[in-house]
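Structure below is run-v6.cif: mmCIF, C-alpha atoms.
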data_protein
loop_
_atom_site.group_PDB
_atom_site.id
_atom_site.type_symbol
_atom_site.label_atom_id
_atom_site.label_comp_id
_atom_site.auth_asym_id
_atom_site.auth_seq_id
_atom_site.Cartn_x
_atom_site.Cartn_y
_atom_site.Cartn_z
ATOM 1 C CA MET A 16 -21.741 -72.090 67.979
ATOM 2 C CA LYS A 17 -22.544 -69.913 71.003
ATOM 3 C CA ARG A 18 -19.457 -71.144 72.835
ATOM 4 C CA ILE A 19 -17.133 -70.329 69.917
ATOM 5 C CA LEU A 20 -18.785 -67.018 68.987
ATOM 6 C CA LEU A 21 -18.570 -65.708 72.538
ATOM 7 C CA PHE A 22 -14.966 -66.823 72.841
ATOM 8 C CA LEU A 23 -13.958 -65.235 69.505
ATOM 9 C CA ALA A 24 -15.826 -61.989 70.201
ATOM 10 C CA VAL A 25 -14.217 -61.514 73.613
ATOM 11 C CA ASN A 26 -10.819 -62.501 72.221
ATOM 12 C CA VAL A 27 -10.936 -59.973 69.364
ATOM 13 C CA LEU A 28 -12.157 -57.272 71.758
ATOM 14 C CA VAL A 29 -9.308 -57.971 74.188
ATOM 15 C CA VAL A 30 -6.621 -58.088 71.472
ATOM 16 C CA VAL A 31 -7.835 -54.857 69.831
ATOM 17 C CA THR A 32 -8.101 -53.143 73.240
ATOM 18 C CA ILE A 33 -4.560 -54.169 74.154
ATOM 19 C CA GLY A 34 -3.408 -52.904 70.755
ATOM 20 C CA ILE A 35 -5.103 -49.546 71.269
ATOM 21 C CA VAL A 36 -3.713 -49.128 74.800
ATOM 22 C CA THR A 37 -0.147 -50.011 73.799
ATOM 23 C CA SER A 38 -0.346 -47.668 70.805
ATOM 24 C CA VAL A 39 -1.711 -44.781 72.874
ATOM 25 C CA LEU A 40 0.995 -45.295 75.498
ATOM 26 C CA GLY A 41 3.627 -45.544 72.798
ATOM 27 C CA ILE A 42 4.622 -49.076 73.793
ATOM 28 C CA ARG A 43 6.287 -50.244 70.600
ATOM 29 C CA PRO A 44 9.529 -51.977 71.627
ATOM 30 C CA TYR A 45 9.778 -53.572 68.210
ATOM 31 C CA ILE A 46 10.291 -50.293 66.329
ATOM 32 C CA THR A 47 13.839 -48.949 66.283
ATOM 33 C CA GLN A 48 15.570 -46.151 64.393
ATOM 34 C CA TYR A 49 16.481 -48.774 61.805
ATOM 35 C CA GLY A 50 12.965 -50.122 61.341
ATOM 36 C CA ILE A 51 11.297 -53.206 62.825
ATOM 37 C CA ASP A 52 13.114 -55.565 65.169
ATOM 38 C CA PHE A 53 11.298 -58.744 64.109
ATOM 39 C CA GLN A 54 12.523 -60.792 67.059
ATOM 40 C CA ALA A 55 11.206 -58.212 69.521
ATOM 41 C CA LEU A 56 7.962 -57.951 67.529
ATOM 42 C CA LEU A 57 7.449 -61.722 67.670
ATOM 43 C CA ALA A 58 7.912 -61.705 71.459
ATOM 44 C CA PHE A 59 5.538 -58.730 71.802
ATOM 45 C CA SER A 60 2.993 -60.467 69.536
ATOM 46 C CA ALA A 61 3.106 -63.680 71.565
ATOM 47 C CA VAL A 62 2.551 -61.811 74.833
ATOM 48 C CA VAL A 63 -0.410 -59.853 73.427
ATOM 49 C CA GLY A 64 -1.796 -62.821 71.494
ATOM 50 C CA PHE A 65 -1.799 -65.351 74.295
ATOM 51 C CA SER A 66 -2.948 -62.720 76.799
ATOM 52 C CA GLY A 67 -6.033 -62.108 74.669
ATOM 53 C CA ALA A 68 -6.755 -65.823 74.347
ATOM 54 C CA PHE A 69 -6.332 -66.648 78.041
ATOM 55 C CA ILE A 70 -8.292 -63.596 79.207
ATOM 56 C CA SER A 71 -11.109 -64.745 76.910
ATOM 57 C CA LEU A 72 -10.898 -68.221 78.413
ATOM 58 C CA ALA A 73 -10.963 -66.870 81.973
ATOM 59 C CA LEU A 74 -14.057 -64.782 81.209
ATOM 60 C CA SER A 75 -15.825 -67.414 79.097
ATOM 61 C CA ARG A 76 -18.218 -68.712 81.754
ATOM 62 C CA VAL A 77 -19.048 -65.255 83.131
ATOM 63 C CA MET A 78 -19.573 -63.782 79.654
ATOM 64 C CA ALA A 79 -21.798 -66.690 78.605
ATOM 65 C CA LYS A 80 -24.070 -66.169 81.621
ATOM 66 C CA TRP A 81 -24.228 -62.428 81.065
ATOM 67 C CA MET A 82 -24.641 -62.287 77.270
ATOM 68 C CA MET A 83 -26.998 -65.260 76.985
ATOM 69 C CA GLY A 84 -28.974 -64.603 80.154
ATOM 70 C CA VAL A 85 -28.184 -68.073 81.479
ATOM 71 C CA LYS A 86 -29.876 -68.949 84.755
ATOM 72 C CA VAL A 87 -27.761 -71.422 86.728
ATOM 73 C CA LEU A 88 -29.711 -74.211 88.429
ATOM 74 C CA ASP A 89 -28.606 -74.720 92.011
ATOM 75 C CA PRO A 90 -28.757 -78.453 92.871
ATOM 76 C CA GLN A 91 -29.294 -77.552 96.525
ATOM 77 C CA ALA A 92 -32.250 -75.257 95.836
ATOM 78 C CA HIS A 93 -35.893 -76.189 95.367
ATOM 79 C CA LEU A 94 -36.192 -76.921 91.651
ATOM 80 C CA SER A 95 -39.020 -78.025 89.423
ATOM 81 C CA ASN A 96 -39.061 -81.692 88.442
ATOM 82 C CA ASP A 97 -37.857 -80.896 84.908
ATOM 83 C CA ALA A 98 -35.022 -78.676 86.142
ATOM 84 C CA ARG A 99 -33.874 -81.239 88.707
ATOM 85 C CA GLU A 100 -33.967 -83.991 86.097
ATOM 86 C CA LEU A 101 -31.773 -81.859 83.823
ATOM 87 C CA VAL A 102 -29.209 -81.360 86.598
ATOM 88 C CA VAL A 103 -29.219 -85.065 87.473
ATOM 89 C CA GLN A 104 -28.866 -86.022 83.816
ATOM 90 C CA ILE A 105 -25.877 -83.731 83.204
ATOM 91 C CA HIS A 106 -24.148 -84.762 86.429
ATOM 92 C CA ARG A 107 -24.643 -88.439 85.562
ATOM 93 C CA LEU A 108 -23.089 -87.949 82.131
ATOM 94 C CA ALA A 109 -20.242 -85.945 83.693
ATOM 95 C CA LYS A 110 -19.463 -88.822 86.048
ATOM 96 C CA GLN A 111 -19.568 -91.271 83.139
ATOM 97 C CA ALA A 112 -17.081 -89.046 81.296
ATOM 98 C CA GLY A 113 -14.733 -89.162 84.289
ATOM 99 C CA LEU A 114 -15.091 -85.532 85.394
ATOM 100 C CA SER A 115 -14.078 -85.008 89.008
ATOM 101 C CA ALA A 116 -16.050 -81.764 89.403
ATOM 102 C CA MET A 117 -19.633 -81.401 88.256
ATOM 103 C CA PRO A 118 -20.297 -78.624 85.741
ATOM 104 C CA GLN A 119 -22.715 -75.837 86.467
ATOM 105 C CA VAL A 120 -26.051 -76.420 84.735
ATOM 106 C CA GLY A 121 -27.894 -73.512 83.156
ATOM 107 C CA VAL A 122 -30.969 -72.760 81.070
ATOM 108 C CA TYR A 123 -31.569 -69.677 78.944
ATOM 109 C CA GLU A 124 -34.788 -68.491 77.326
ATOM 110 C CA SER A 125 -34.666 -68.813 73.548
ATOM 111 C CA GLU A 126 -36.751 -70.430 70.828
ATOM 112 C CA GLU A 127 -33.590 -71.620 69.102
ATOM 113 C CA VAL A 128 -32.600 -75.270 69.427
ATOM 114 C CA ASN A 129 -29.181 -75.022 71.020
ATOM 115 C CA ALA A 130 -26.862 -76.022 73.848
ATOM 116 C CA PHE A 131 -23.261 -75.184 74.654
ATOM 117 C CA ALA A 132 -20.470 -75.926 77.100
ATOM 118 C CA THR A 133 -17.873 -73.428 78.221
ATOM 119 C CA GLY A 134 -15.570 -72.596 81.101
ATOM 120 C CA PRO A 135 -11.873 -72.016 81.817
ATOM 121 C CA THR A 136 -11.165 -75.569 83.061
ATOM 122 C CA LYS A 137 -12.802 -78.976 83.355
ATOM 123 C CA ASN A 138 -13.427 -78.216 87.018
ATOM 124 C CA ARG A 139 -15.072 -74.843 86.316
ATOM 125 C CA SER A 140 -17.322 -75.590 83.379
ATOM 126 C CA LEU A 141 -20.862 -74.630 82.435
ATOM 127 C CA VAL A 142 -23.339 -76.595 80.332
ATOM 128 C CA ALA A 143 -26.245 -74.435 79.180
ATOM 129 C CA VAL A 144 -29.365 -75.485 77.302
ATOM 130 C CA SER A 145 -31.950 -73.344 75.533
ATOM 131 C CA SER A 146 -35.589 -73.566 76.545
ATOM 132 C CA GLY A 147 -36.376 -74.183 72.880
ATOM 133 C CA LEU A 148 -34.255 -77.332 72.822
ATOM 134 C CA LEU A 149 -35.922 -78.699 75.952
ATOM 135 C CA ALA A 150 -39.392 -77.955 74.569
ATOM 136 C CA ARG A 151 -38.864 -79.315 71.056
ATOM 137 C CA MET A 152 -36.713 -82.421 71.535
ATOM 138 C CA ASP A 153 -37.539 -85.766 73.126
ATOM 139 C CA GLN A 154 -35.639 -87.176 76.080
ATOM 140 C CA GLN A 155 -33.333 -89.405 74.028
ATOM 141 C CA ALA A 156 -32.352 -86.519 71.752
ATOM 142 C CA VAL A 157 -31.708 -84.230 74.735
ATOM 143 C CA GLU A 158 -29.517 -86.959 76.237
ATOM 144 C CA GLY A 159 -27.431 -87.115 73.050
ATOM 145 C CA VAL A 160 -26.998 -83.336 72.910
ATOM 146 C CA LEU A 161 -25.956 -83.188 76.564
ATOM 147 C CA ALA A 162 -23.529 -86.093 76.073
ATOM 148 C CA HIS A 163 -21.956 -84.160 73.189
ATOM 149 C CA GLU A 164 -21.528 -81.045 75.352
ATOM 150 C CA ILE A 165 -20.111 -83.016 78.280
ATOM 151 C CA SER A 166 -17.604 -84.535 75.847
ATOM 152 C CA HIS A 167 -16.441 -81.020 74.974
ATOM 153 C CA VAL A 168 -15.692 -80.484 78.660
ATOM 154 C CA ALA A 169 -14.048 -83.877 79.133
ATOM 155 C CA ASN A 170 -11.905 -83.370 76.015
ATOM 156 C CA GLY A 171 -10.672 -80.006 77.307
ATOM 157 C CA ASP A 172 -11.806 -78.332 74.111
ATOM 158 C CA MET A 173 -11.900 -74.798 75.518
ATOM 159 C CA VAL A 174 -8.254 -75.000 76.583
ATOM 160 C CA THR A 175 -7.292 -76.580 73.242
ATOM 161 C CA MET A 176 -9.093 -73.851 71.317
ATOM 162 C CA THR A 177 -7.468 -71.228 73.552
ATOM 163 C CA LEU A 178 -3.983 -72.464 72.663
ATOM 164 C CA ILE A 179 -4.900 -72.490 68.964
ATOM 165 C CA GLN A 180 -6.374 -68.995 69.291
ATOM 166 C CA GLY A 181 -3.201 -67.824 71.053
ATOM 167 C CA VAL A 182 -1.054 -68.977 68.125
ATOM 168 C CA ILE A 183 -3.420 -67.328 65.622
ATOM 169 C CA ASN A 184 -3.446 -64.130 67.691
ATOM 170 C CA THR A 185 0.347 -64.075 67.669
ATOM 171 C CA PHE A 186 0.380 -64.113 63.869
ATOM 172 C CA VAL A 187 -2.448 -61.550 63.746
ATOM 173 C CA VAL A 188 -0.582 -59.092 65.987
ATOM 174 C CA PHE A 189 2.719 -59.717 64.193
ATOM 175 C CA LEU A 190 1.352 -59.276 60.666
ATOM 176 C CA SER A 191 -0.854 -56.299 61.557
ATOM 177 C CA ARG A 192 2.124 -54.391 63.012
ATOM 178 C CA VAL A 193 4.308 -55.172 60.003
ATOM 179 C CA ALA A 194 1.527 -54.036 57.648
ATOM 180 C CA ALA A 195 0.772 -50.930 59.754
ATOM 181 C CA PHE A 196 4.448 -49.958 59.813
ATOM 182 C CA ALA A 197 4.679 -50.353 56.037
ATOM 183 C CA VAL A 198 1.585 -48.181 55.517
ATOM 184 C CA SER A 199 2.823 -45.518 57.937
ATOM 185 C CA GLN A 200 6.105 -45.259 56.035
ATOM 186 C CA LEU A 201 4.190 -44.275 52.897
ATOM 187 C CA PHE A 202 3.014 -41.157 54.718
ATOM 188 C CA ARG A 203 6.345 -40.248 56.304
ATOM 189 C CA ARG A 204 7.459 -36.746 55.387
ATOM 190 C CA ASP A 205 10.067 -34.492 56.912
ATOM 191 C CA ASP A 206 7.482 -31.834 57.758
ATOM 192 C CA SER A 207 4.889 -34.124 59.376
ATOM 193 C CA GLU A 208 6.467 -35.885 62.323
ATOM 194 C CA GLY A 209 3.224 -36.894 64.029
ATOM 195 C CA PHE A 210 1.145 -37.894 61.000
ATOM 196 C CA PRO A 211 2.846 -41.268 60.404
ATOM 197 C CA HIS A 212 2.209 -42.154 64.061
ATOM 198 C CA LEU A 213 -1.504 -41.432 63.607
ATOM 199 C CA VAL A 214 -1.591 -43.524 60.432
ATOM 200 C CA HIS A 215 0.214 -46.342 62.241
ATOM 201 C CA PHE A 216 -2.273 -46.177 65.140
ATOM 202 C CA ILE A 217 -5.314 -46.399 62.838
ATOM 203 C CA ALA A 218 -3.715 -49.038 60.610
ATOM 204 C CA VAL A 219 -2.930 -51.280 63.604
ATOM 205 C CA ILE A 220 -6.612 -51.304 64.624
ATOM 206 C CA VAL A 221 -7.827 -51.933 61.070
ATOM 207 C CA PHE A 222 -5.318 -54.729 60.415
ATOM 208 C CA ASP A 223 -5.955 -56.289 63.853
ATOM 209 C CA ILE A 224 -9.645 -56.638 62.979
ATOM 210 C CA LEU A 225 -9.010 -57.731 59.376
ATOM 211 C CA PHE A 226 -6.423 -60.391 60.232
ATOM 212 C CA SER A 227 -8.546 -61.566 63.190
ATOM 213 C CA ILE A 228 -11.405 -62.259 60.772
ATOM 214 C CA LEU A 229 -9.071 -64.162 58.445
ATOM 215 C CA GLY A 230 -7.537 -65.990 61.402
ATOM 216 C CA SER A 231 -10.988 -67.106 62.524
ATOM 217 C CA ILE A 232 -11.101 -69.333 59.428
ATOM 218 C CA VAL A 233 -8.277 -71.402 60.911
ATOM 219 C CA VAL A 234 -9.914 -71.404 64.352
ATOM 220 C CA MET A 235 -13.214 -72.566 62.868
ATOM 221 C CA TYR A 236 -11.447 -75.361 60.990
ATOM 222 C CA PHE A 237 -10.113 -76.754 64.263
ATOM 223 C CA SER A 238 -13.510 -76.185 65.880
ATOM 224 C CA ARG A 239 -15.128 -78.448 63.279
ATOM 225 C CA ILE A 240 -12.533 -81.136 64.006
ATOM 226 C CA ARG A 241 -13.308 -80.925 67.728
ATOM 227 C CA GLU A 242 -17.037 -81.252 66.960
ATOM 228 C CA PHE A 243 -16.455 -84.600 65.260
ATOM 229 C CA ARG A 244 -14.489 -85.744 68.296
ATOM 230 C CA ALA A 245 -17.243 -84.566 70.660
ATOM 231 C CA ASP A 246 -19.764 -86.525 68.576
ATOM 232 C CA LYS A 247 -17.713 -89.688 69.119
ATOM 233 C CA GLY A 248 -17.477 -88.929 72.825
ATOM 234 C CA GLY A 249 -21.223 -88.330 72.940
ATOM 235 C CA ALA A 250 -21.783 -91.680 71.253
ATOM 236 C CA ARG A 251 -19.736 -93.402 73.958
ATOM 237 C CA LEU A 252 -21.835 -91.769 76.684
ATOM 238 C CA ALA A 253 -25.313 -91.920 75.131
ATOM 239 C CA GLY A 254 -24.792 -94.712 72.603
ATOM 240 C CA THR A 255 -24.320 -94.323 68.851
ATOM 241 C CA THR A 256 -28.049 -94.729 68.232
ATOM 242 C CA GLY A 257 -28.840 -92.033 70.769
ATOM 243 C CA MET A 258 -26.232 -89.648 69.349
ATOM 244 C CA VAL A 259 -27.439 -90.173 65.773
ATOM 245 C CA HIS A 260 -31.024 -89.629 66.937
ATOM 246 C CA ALA A 261 -29.959 -86.393 68.633
ATOM 247 C CA LEU A 262 -28.315 -85.066 65.464
ATOM 248 C CA GLU A 263 -31.263 -86.091 63.289
ATOM 249 C CA SER A 264 -33.620 -84.397 65.755
ATOM 250 C CA LEU A 265 -31.443 -81.261 65.690
ATOM 251 C CA LYS A 266 -31.696 -81.226 61.929
ATOM 252 C CA ARG A 267 -35.484 -81.583 61.908
ATOM 253 C CA THR A 268 -36.208 -79.136 64.724
ATOM 254 C CA THR A 269 -33.732 -76.502 63.536
ATOM 255 C CA MET A 270 -35.192 -76.589 60.029
ATOM 256 C CA LEU A 271 -38.643 -76.130 61.564
ATOM 257 C CA VAL A 272 -37.544 -73.188 63.711
ATOM 258 C CA ASP A 273 -35.708 -71.601 60.777
ATOM 259 C CA THR A 274 -38.837 -71.951 58.624
ATOM 260 C CA GLU A 275 -41.023 -70.425 61.319
ATOM 261 C CA GLN A 276 -38.691 -67.545 62.125
ATOM 262 C CA THR A 277 -36.652 -67.244 58.882
ATOM 263 C CA SER A 278 -33.533 -67.157 61.060
ATOM 264 C CA LEU A 279 -29.935 -67.354 59.850
ATOM 265 C CA ALA A 280 -29.076 -71.069 59.942
ATOM 266 C CA THR A 281 -25.361 -70.318 59.602
ATOM 267 C CA LEU A 282 -25.276 -69.140 63.203
ATOM 268 C CA LYS A 283 -26.968 -72.200 64.661
ATOM 269 C CA ILE A 284 -25.618 -75.437 66.060
ATOM 270 C CA ALA A 285 -27.243 -77.274 63.157
ATOM 271 C CA GLY A 286 -26.434 -74.699 60.504
ATOM 272 C CA ALA A 287 -25.530 -75.712 56.963
ATOM 273 C CA PRO A 288 -23.747 -72.715 55.398
ATOM 274 C CA LYS A 289 -23.130 -72.719 51.684
ATOM 275 C CA GLY A 290 -20.119 -71.817 49.556
ATOM 276 C CA TRP A 291 -17.333 -69.798 51.115
ATOM 277 C CA MET A 292 -19.384 -69.264 54.296
ATOM 278 C CA LYS A 293 -18.494 -72.851 55.228
ATOM 279 C CA LEU A 294 -15.036 -71.534 56.092
ATOM 280 C CA PHE A 295 -16.565 -69.578 58.989
ATOM 281 C CA ALA A 296 -18.767 -72.413 60.297
ATOM 282 C CA SER A 297 -17.870 -73.683 63.752
ATOM 283 C CA HIS A 298 -19.866 -76.889 63.242
ATOM 284 C CA PRO A 299 -19.654 -79.353 60.325
ATOM 285 C CA ASP A 300 -22.720 -80.103 58.240
ATOM 286 C CA LEU A 301 -25.135 -82.315 60.194
ATOM 287 C CA ASP A 302 -25.448 -84.833 57.374
ATOM 288 C CA GLU A 303 -21.684 -85.382 57.454
ATOM 289 C CA ARG A 304 -21.693 -85.739 61.233
ATOM 290 C CA ILE A 305 -24.496 -88.302 61.060
ATOM 291 C CA ALA A 306 -22.785 -90.221 58.273
ATOM 292 C CA ARG A 307 -19.507 -90.384 60.227
ATOM 293 C CA LEU A 308 -21.236 -91.689 63.334
ATOM 294 C CA LYS A 309 -23.104 -94.348 61.385
ATOM 295 C CA ALA A 310 -19.831 -95.384 59.721
ATOM 296 C CA GLY A 311 -18.092 -95.493 63.081
ATOM 297 C CA ALA A 312 -15.488 -92.943 61.900
#
Could I get this structure in the form of structure tokens?
Amino acid sequence: MKRILLFLAVNVLVVVTIGIVTSVLGIRPYITQYGIDFQALLAFSAVVGFSGAFISLALSRVMAKWMMGVKVLDPQAHLSNDARELVVQIHRLAKQAGLSAMPQVGVYESEEVNAFATGPTKNRSLVAVSSGLLARMDQQAVEGVLAHEISHVANGDMVTMTLIQGVINTFVVFLSRVAAFAVSQLFRRDDSEGFPHLVHFIAVIVFDILFSILGSIVVMYFSRIREFRADKGGARLAGTTGMVHALESLKRTTMLVDTEQTSLATLKIAGAPKGWMKLFASHPDLDERIARLKAGA
């Protein structure tokens, strides 16, 4: 979840910022004296949309380290036995997965049971693990979790999600400008030349945020699909038994942490949101993931 949340947050921030800057500078090549030039708007939307997605991708590893307080373990430095074993374990799994460049390995302080992989390319990836996961899970379970995260890297999931996000952003920018233009026309009067421009400026920001939230439903749907695929990849690296054990351990330990801290399970790797909140879940329900692995699906 951390990987997707960070990516989405940075993406929305970039898209909204670009929207504000272009509005302030009056860069609206899609608006003519006759109304909206939809072909020009689509081109403008694609440029803004994919720019936001790829900037988010480029910053993903840096933002993860900064926002999560990830401490990267240097394989060449003097490390504790546990830290060195973690680096060796991740690098071994990376080689098994066929990665030509070893990912950076990081640990961040948190009681939550979590791990994530991020980075702009397979050759510039980061696998980070929470201290809570290392403290609460046995070695076999940790192996399964790490195999899952390495599979995300090997599958190129960040690039795949970036392309999906770029398409969604394009529709978000396109629809928000059409809606903002329509709203601004309701306030157009002969004696208030500048007021419609102000309404359009505010409406663009509001619709950018609103449609980005709605668009995240589609992004999360594809994220859940990629999680199933990463589970299968993890099973190939750590064995089906090991991967199932990892997911069952995640379920037990996350429930324990949530009980102790009354935390919001929806935002966790093992979360099980209910009702319409399932639409915004980046990970499928753990019971379904376990059942699919046991069925060999």
Non-local contacts of region 71-80 of chain A (9 Å; only C-alpha atoms; under 5 positions in same chain excluded) as a list in words: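 Within the cut-off, the hits are Lys17, Arg18, Leu21, Phe22, Leu23, Ala24, Val25, Asn26, Val27, Val29, Ser66, Val85, Lys86, Val87, Gly121, Tyr123, Ala132, Thr133, Gly134, Pro135, Thr136, Arg139, Ser140, Leu141, Ala143, Met173, Val174 and Thr177 of chain A.
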Run the PyMOL selection byres ((chain A and resi 227) around 12) against the file shown and list the residues it catches, as number ranges by chain. A: 23-31, 64, 67, 180-191, 219-226, 228-235
Please identify all polymer residues lying at most 8 Å from the point (-26.3, -76.7, 86.9) (file coordinates), using all atoms listed in the file, and present the result as a PyMOL selection string. chain A and resi 87-90+102+105+118-121+141-142
What is the distance between CA of Ile165 (chain A) and CA of Met292 (chain A), in Å to one decimal? 27.7 Å
Check what the PyMOL selection byres ((chain A and resi 145) around 8) selects in the file above and give those residues as a PDB file with C-alpha atoms, in the frame of the given file.
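Result file result_11.pdb:
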ATOM      1  CA  VAL A 122     -30.969 -72.760  81.070  1.00  0.00           C
ATOM      2  CA  TYR A 123     -31.569 -69.677  78.944  1.00  0.00           C
ATOM      3  CA  GLU A 124     -34.788 -68.491  77.326  1.00  0.00           C
ATOM      4  CA  SER A 125     -34.666 -68.813  73.548  1.00  0.00           C
ATOM      5  CA  GLU A 126     -36.751 -70.430  70.828  1.00  0.00           C
ATOM      6  CA  GLU A 127     -33.590 -71.620  69.102  1.00  0.00           C
ATOM      7  CA  VAL A 128     -32.600 -75.270  69.427  1.00  0.00           C
ATOM      8  CA  ASN A 129     -29.181 -75.022  71.020  1.00  0.00           C
ATOM      9  CA  ALA A 130     -26.862 -76.022  73.848  1.00  0.00           C
ATOM     10  CA  ALA A 143     -26.245 -74.435  79.180  1.00  0.00           C
ATOM     11  CA  VAL A 144     -29.365 -75.485  77.302  1.00  0.00           C
ATOM     12  CA  SER A 146     -35.589 -73.566  76.545  1.00  0.00           C
ATOM     13  CA  GLY A 147     -36.376 -74.183  72.880  1.00  0.00           C
ATOM     14  CA  LEU A 148     -34.255 -77.332  72.822  1.00  0.00           C
ATOM     15  CA  LEU A 149     -35.922 -78.699  75.952  1.00  0.00           C
TER      16      LEU A 149
END
Translate the PyMOL selection byres ((chain A and resi 214) around 9) into a concrete residue list for this structure, as a ChimeraX atom specification. /A:195-196,198-199,202,209-213,215-219
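Distance check against Phe69 (chain A) using only C-alpha atoms: of A:Asn138, A:Met176, A:His167, A:Ser297, the minimum falls on A:Met176.
Atom pair CA of Leu94 (chain A) / CA of Met258 (chain A): separated by 27.5 Å.
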CA of Phe59 (chain A) to CA of Leu201 (chain A), distance in Å rounded to a single decimal: 23.8 Å
At a cut-off of 7 Å, using all atoms listed in the file, what residues contact Ala55 (chain A)? Leave out same-chain residues fewer than 3 positions from it and give the result as JSON, numbers by chain. {"A": [44, 45, 52, 58, 59]}
Can you sort out the box for region 104-112 of chain A, edges along x, y and z, all listed atoms in, 5 Å on every side, with centre and edge lengths in Å to one decimal, as JSON?
{"center_x": -23.0, "center_y": -87.5, "center_z": 83.9, "size_x": 21.8, "size_y": 17.5, "size_z": 15.1}
Distance criterion (all atoms listed in the file): nearest to Gly50 (chain A) out of A:Gln200, A:Met83, A:Ile305, A:Glu164: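 Residue with the minimum atom-to-atom distance to Gly50 (chain A): A:Gln200.
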